[in-house]
Amino acid sequence: MRLCPETRTRIGSNRQQQTNRQFGYDARMPSLRPIVILGTGYTGRWIQKLAREQSLPILASSRQPEHHLSDIAQTARIRFDLESPSTWSALPLDADLIWTFPAVPLEQVKAFATHSCSHSRRLVVLGSTSASDRGDEPLTDMPPWIDETCPVNVDLPRVQGEEYLRTKHGGIILRVAGIYGPHRNPVEWIRQGRVGPTNKFVNLIHVEDLAALCLLALQIGRAGDIYNISDGLPRRWTEICVEVSTRWGIVSPREATSSQPGKRINNRKALEGLRYTLRHPDLYRTLATLQQESGVRNCP
Ligand SMILES: NC(=O)c1ccc[n+]([C@@H]2O[C@H](COP(=O)([O-])OP(=O)(O)OC[C@H]3O[C@@H](n4cnc5c(N)ncnc54)[C@H](OP(=O)(O)O)[C@@H]3O)[C@@H](O)[C@H]2O)c1
């Protein structure tokens, strides 16, 4: 039986209570299970913020916590490095995990999971929509929608790691579209020429929505399942470039070229299965907010 997050309590053993106290949350209260963010980078920071707002017991990890997480209380951060087995025991025994970096190399992923990912732990792993692979299907200008049943490219090392964690350890895989948000602004990608006016479809997700979906997947996602994480509105880069040029007069230095058609990612399973309403469903409205926050005015 799966319990809802509010009722998932744990009466800890003495050892677990000690561990909990060591990590700065109160094990005397009937508590939710602690969560460890494996790798607290861009998305991890947002997961941490959201978890704290929801009063969830959360620990942030880094390979160099004293440098990368110096603003986080010592009791709420731990050193964890997939490549360094001596750090694996730092994870509290009763913690659930959100894995936010590519699950490679496979041998190290296997060794870590065997050591640390028992079936009583919940595990969410961030993958990428680049995993899906429609093989030799003919390319068309309007690619078909891709849902979670689409085959994946198992030649990709990170896909091998994700599939191992999913099938052998019940990992919940989130296939994540392009992540944007504060300090990762697609308008800047256009200005810098990292992208240009091609016909390629791009799928995006705001980091705040991604963070919320990570926590929901941990709480109510089905072990061993896959969820596409995207705003569900794939757009061609040409369309975004025109809009950005009209609104802010910003034009990519790249010339228009023909390109691969890209993908159109269907997000229905995640929104329905994880019972979530996007906070950032409208790319252009959110870009306007990001531009405003960085002090840019609209074109007159
Ligand atoms: N950026 C995108 O548009 C995009 C799109 C689809 C999917 N994704 C995937 O989504 C996930 C989150 O992306 P993100 O941009 O938030 O990642 P990120 O900023 O790179 O954060 C991941 C953090 O993990 C830690 N880390 C890296 N390798 C590690 C290792 N071997 N052992 C332990 N910790 C390690 C690093 O922190 P320390 O250096 O402090 O240890 C790093 O900052 C990634 O898997 C990414 O590939 C990204």
# chains A, B, ... in the order shown; residues from 1 in each chain; ligands from 1
call {"tool": "residues_near_ligand", "arguments": {"ligand": "ligand 1", "cutoff": "9 Å", "atoms": "only C-alpha atoms and all ligand atoms", "output": "ChimeraX atom specification"}}
result
/A:37-46,61-65,67-69,79-84,99-105,125-130,158,174-180,184,204-205,207
call {"tool": "write_last_selection", "arguments": {"atoms": "C-alpha atoms", "output": "mmCIF file, in the first residue's frame"}}
result
data_model
loop_
_atom_site.group_PDB
_atom_site.id
_atom_site.type_symbol
_atom_site.label_atom_id
_atom_site.label_comp_id
_atom_site.auth_asym_id
_atom_site.auth_seq_id
_atom_site.Cartn_x
_atom_site.Cartn_y
_atom_site.Cartn_z
ATOM 1 C CA ILE A 37 19.477 15.872 -3.182
ATOM 2 C CA LEU A 38 22.347 14.083 -4.892
ATOM 3 C CA GLY A 39 24.112 17.004 -6.595
ATOM 4 C CA THR A 40 22.880 20.444 -5.644
ATOM 5 C CA GLY A 41 23.403 22.426 -8.835
ATOM 6 C CA TYR A 42 20.857 24.534 -10.698
ATOM 7 C CA THR A 43 17.846 22.233 -10.245
ATOM 8 C CA GLY A 44 19.023 20.938 -6.878
ATOM 9 C CA ARG A 45 19.010 24.467 -5.468
ATOM 10 C CA TRP A 46 15.381 24.906 -6.495
ATOM 11 C CA SER A 61 24.930 17.128 -1.326
ATOM 12 C CA SER A 62 27.985 18.255 -3.234
ATOM 13 C CA ARG A 63 31.388 16.840 -4.036
ATOM 14 C CA GLN A 64 32.726 20.026 -2.458
ATOM 15 C CA PRO A 65 30.091 21.187 0.019
ATOM 16 C CA HIS A 67 32.885 25.480 -1.547
ATOM 17 C CA HIS A 68 29.608 24.959 -3.419
ATOM 18 C CA LEU A 69 27.163 24.918 -0.496
ATOM 19 C CA ARG A 79 29.698 15.490 0.904
ATOM 20 C CA PHE A 80 28.703 12.945 -1.698
ATOM 21 C CA ASP A 81 30.627 11.899 -4.780
ATOM 22 C CA LEU A 82 29.415 9.033 -6.944
ATOM 23 C CA GLU A 83 33.032 8.316 -7.838
ATOM 24 C CA SER A 84 34.178 8.174 -4.230
ATOM 25 C CA TRP A 99 19.605 12.221 -8.280
ATOM 26 C CA THR A 100 20.298 15.378 -10.311
ATOM 27 C CA PHE A 101 23.374 14.599 -12.421
ATOM 28 C CA PRO A 102 23.884 12.138 -15.298
ATOM 29 C CA ALA A 103 23.844 8.553 -13.991
ATOM 30 C CA VAL A 104 27.283 7.582 -15.339
ATOM 31 C CA PRO A 105 29.577 5.677 -15.483
ATOM 32 C CA VAL A 125 16.568 10.221 -11.207
ATOM 33 C CA LEU A 126 16.716 13.164 -13.597
ATOM 34 C CA GLY A 127 17.219 11.993 -17.152
ATOM 35 C CA SER A 128 16.792 13.831 -20.402
ATOM 36 C CA THR A 129 14.299 13.864 -23.257
ATOM 37 C CA SER A 130 17.297 13.238 -25.501
ATOM 38 C CA ARG A 158 23.327 7.890 -19.142
ATOM 39 C CA LEU A 174 12.100 11.928 -15.140
ATOM 40 C CA ARG A 175 12.869 12.615 -18.801
ATOM 41 C CA VAL A 176 13.497 16.313 -18.589
ATOM 42 C CA ALA A 177 13.174 18.864 -21.400
ATOM 43 C CA GLY A 178 15.420 21.949 -21.661
ATOM 44 C CA ILE A 179 15.581 23.607 -18.249
ATOM 45 C CA TYR A 180 15.145 27.372 -18.065
ATOM 46 C CA ARG A 184 19.145 30.307 -17.554
ATOM 47 C CA LEU A 204 11.227 23.524 -22.244
ATOM 48 C CA ILE A 205 10.395 23.324 -18.556
ATOM 49 C CA VAL A 207 13.074 25.004 -13.138
#
call {"tool": "residues_around", "arguments": {"residues": "Ile146 of chain A", "least_positions_apart": "2", "cutoff": "7 Å", "atoms": "only C-alpha atoms", "output": "ChimeraX atom specification"}}
result
/A:144,148,150,264-266
call {"tool": "closest_residue", "arguments": {"among": "A:Asp282, A:Asp225, A:Glu293, A:Glu239", "to": "Ile172 of chain A", "atoms": "only C-alpha atoms"}}
result
A:Asp225
call {"tool": "select_by_dssp", "arguments": {"residues": "segment 67-116 of chain A", "states": "strand (DSSP E or B)", "output": "PyMOL selection string"}}
result
chain A and resi 77-79+96-99
call {"tool": "write_last_selection", "arguments": {"atoms": "C-alpha atoms", "output": "PDB file, in the first residue's frame"}}
result
ATOM      1  CA  ARG A  77      24.671  19.594   3.678  1.00  0.00           C
ATOM      2  CA  ILE A  78      26.770  16.506   3.057  1.00  0.00           C
ATOM      3  CA  ARG A  79      29.698  15.490   0.904  1.00  0.00           C
ATOM      4  CA  ASP A  96      14.900   9.104  -0.065  1.00  0.00           C
ATOM      5  CA  LEU A  97      17.058  10.358  -2.928  1.00  0.00           C
ATOM      6  CA  ILE A  98      16.731  12.782  -5.851  1.00  0.00           C
ATOM      7  CA  TRP A  99      19.605  12.221  -8.280  1.00  0.00           C
TER       8      TRP A  99
END
call {"tool": "atom_distance", "arguments": {"atom1": "atom CA of Gly232 of chain A", "atom2": "atom CA of Val159 of chain A"}}
result
22.1 Å
call {"tool": "atom_distance", "arguments": {"atom1": "atom CA of Leu283 of chain A", "atom2": "atom CA of Arg222 of chain A"}}
result
28.8 Å
call {"tool": "residues_around", "arguments": {"residues": "Arg122 of chain A", "least_positions_apart": "2", "cutoff": "9 Å", "atoms": "only C-alpha atoms", "output": "PyMOL selection string"}}
result
chain A and resi 95-98+117-120+124+170-172+218-219+223
call {"tool": "write_last_selection", "arguments": {"atoms": "N, CA and C atoms", "output": "PDB file, in the first residue's frame"}}
result
ATOM      1  N   ALA A  95      16.834   7.917   4.276  1.00  0.00           N
ATOM      2  CA  ALA A  95      16.529   9.032   3.357  1.00  0.00           C
ATOM      3  C   ALA A  95      16.113   8.545   1.978  1.00  0.00           C
ATOM      4  N   ASP A  96      15.206   9.289   1.353  1.00  0.00           N
ATOM      5  CA  ASP A  96      14.900   9.104  -0.065  1.00  0.00           C
ATOM      6  C   ASP A  96      15.835  10.011  -0.864  1.00  0.00           C
ATOM      7  N   LEU A  97      16.012   9.677  -2.154  1.00  0.00           N
ATOM      8  CA  LEU A  97      17.058  10.358  -2.928  1.00  0.00           C
ATOM      9  C   LEU A  97      16.509  10.977  -4.210  1.00  0.00           C
ATOM     10  N   ILE A  98      16.997  12.177  -4.537  1.00  0.00           N
ATOM     11  CA  ILE A  98      16.731  12.782  -5.851  1.00  0.00           C
ATOM     12  C   ILE A  98      18.090  12.997  -6.520  1.00  0.00           C
ATOM     13  N   CYS A 117      21.055   1.786  -2.512  1.00  0.00           N
ATOM     14  CA  CYS A 117      19.665   1.959  -2.958  1.00  0.00           C
ATOM     15  C   CYS A 117      18.837   0.717  -2.687  1.00  0.00           C
ATOM     16  N   SER A 118      18.562   0.487  -1.407  1.00  0.00           N
ATOM     17  CA  SER A 118      17.714  -0.648  -1.053  1.00  0.00           C
ATOM     18  C   SER A 118      16.299  -0.326  -1.519  1.00  0.00           C
ATOM     19  N   HIS A 119      15.441  -1.341  -1.540  1.00  0.00           N
ATOM     20  CA  HIS A 119      14.095  -1.104  -2.073  1.00  0.00           C
ATOM     21  C   HIS A 119      13.235  -0.260  -1.159  1.00  0.00           C
ATOM     22  N   SER A 120      13.677  -0.074   0.102  1.00  0.00           N
ATOM     23  CA  SER A 120      12.858   0.766   0.983  1.00  0.00           C
ATOM     24  C   SER A 120      13.090   2.254   0.696  1.00  0.00           C
ATOM     25  N   VAL A 124      14.401   9.135  -7.175  1.00  0.00           N
ATOM     26  CA  VAL A 124      14.027   9.838  -8.406  1.00  0.00           C
ATOM     27  C   VAL A 124      15.307  10.219  -9.129  1.00  0.00           C
ATOM     28  N   GLY A 170      14.016   0.245  -8.765  1.00  0.00           N
ATOM     29  CA  GLY A 170      12.742   0.975  -8.655  1.00  0.00           C
ATOM     30  C   GLY A 170      12.866   2.473  -8.857  1.00  0.00           C
ATOM     31  N   GLY A 171      13.967   2.920  -9.453  1.00  0.00           N
ATOM     32  CA  GLY A 171      14.146   4.363  -9.669  1.00  0.00           C
ATOM     33  C   GLY A 171      13.040   4.930 -10.561  1.00  0.00           C
ATOM     34  N   ILE A 172      12.587   6.117 -10.214  1.00  0.00           N
ATOM     35  CA  ILE A 172      11.584   6.819 -11.028  1.00  0.00           C
ATOM     36  C   ILE A 172      12.362   7.771 -11.927  1.00  0.00           C
ATOM     37  N   LEU A 218       8.834  11.915  -6.029  1.00  0.00           N
ATOM     38  CA  LEU A 218       9.361  11.184  -4.884  1.00  0.00           C
ATOM     39  C   LEU A 218       8.219  10.745  -3.966  1.00  0.00           C
ATOM     40  N   GLN A 219       7.217  11.603  -3.854  1.00  0.00           N
ATOM     41  CA  GLN A 219       6.144  11.320  -2.898  1.00  0.00           C
ATOM     42  C   GLN A 219       5.086  10.364  -3.470  1.00  0.00           C
ATOM     43  N   ALA A 223       7.125   3.616  -8.402  1.00  0.00           N
ATOM     44  CA  ALA A 223       8.489   3.091  -8.476  1.00  0.00           C
ATOM     45  C   ALA A 223       8.692   2.392  -9.815  1.00  0.00           C
TER      46      ALA A 223
END
call {"tool": "closest_residue", "arguments": {"among": "A:Lys263, A:Lys200, A:His206, A:Val296", "to": "Ala131 of chain A", "atoms": "only C-alpha atoms"}}
result
A:Lys263
call {"tool": "atom_distance", "arguments": {"atom1": "atom CA of Gln54 of chain A", "atom2": "atom CA of Arg279 of chain A"}}
result
16.1 Å
call {"tool": "residues_around", "arguments": {"residues": "Met142 of chain A", "least_positions_apart": "6", "cutoff": "12 Å", "atoms": "only C-alpha atoms", "output": "list in words"}}
result
Asn199, Lys200, Phe201, Pro234, Arg235, Arg236, Gln260, Pro261, Gly262, Lys263 and Arg264 of chain A
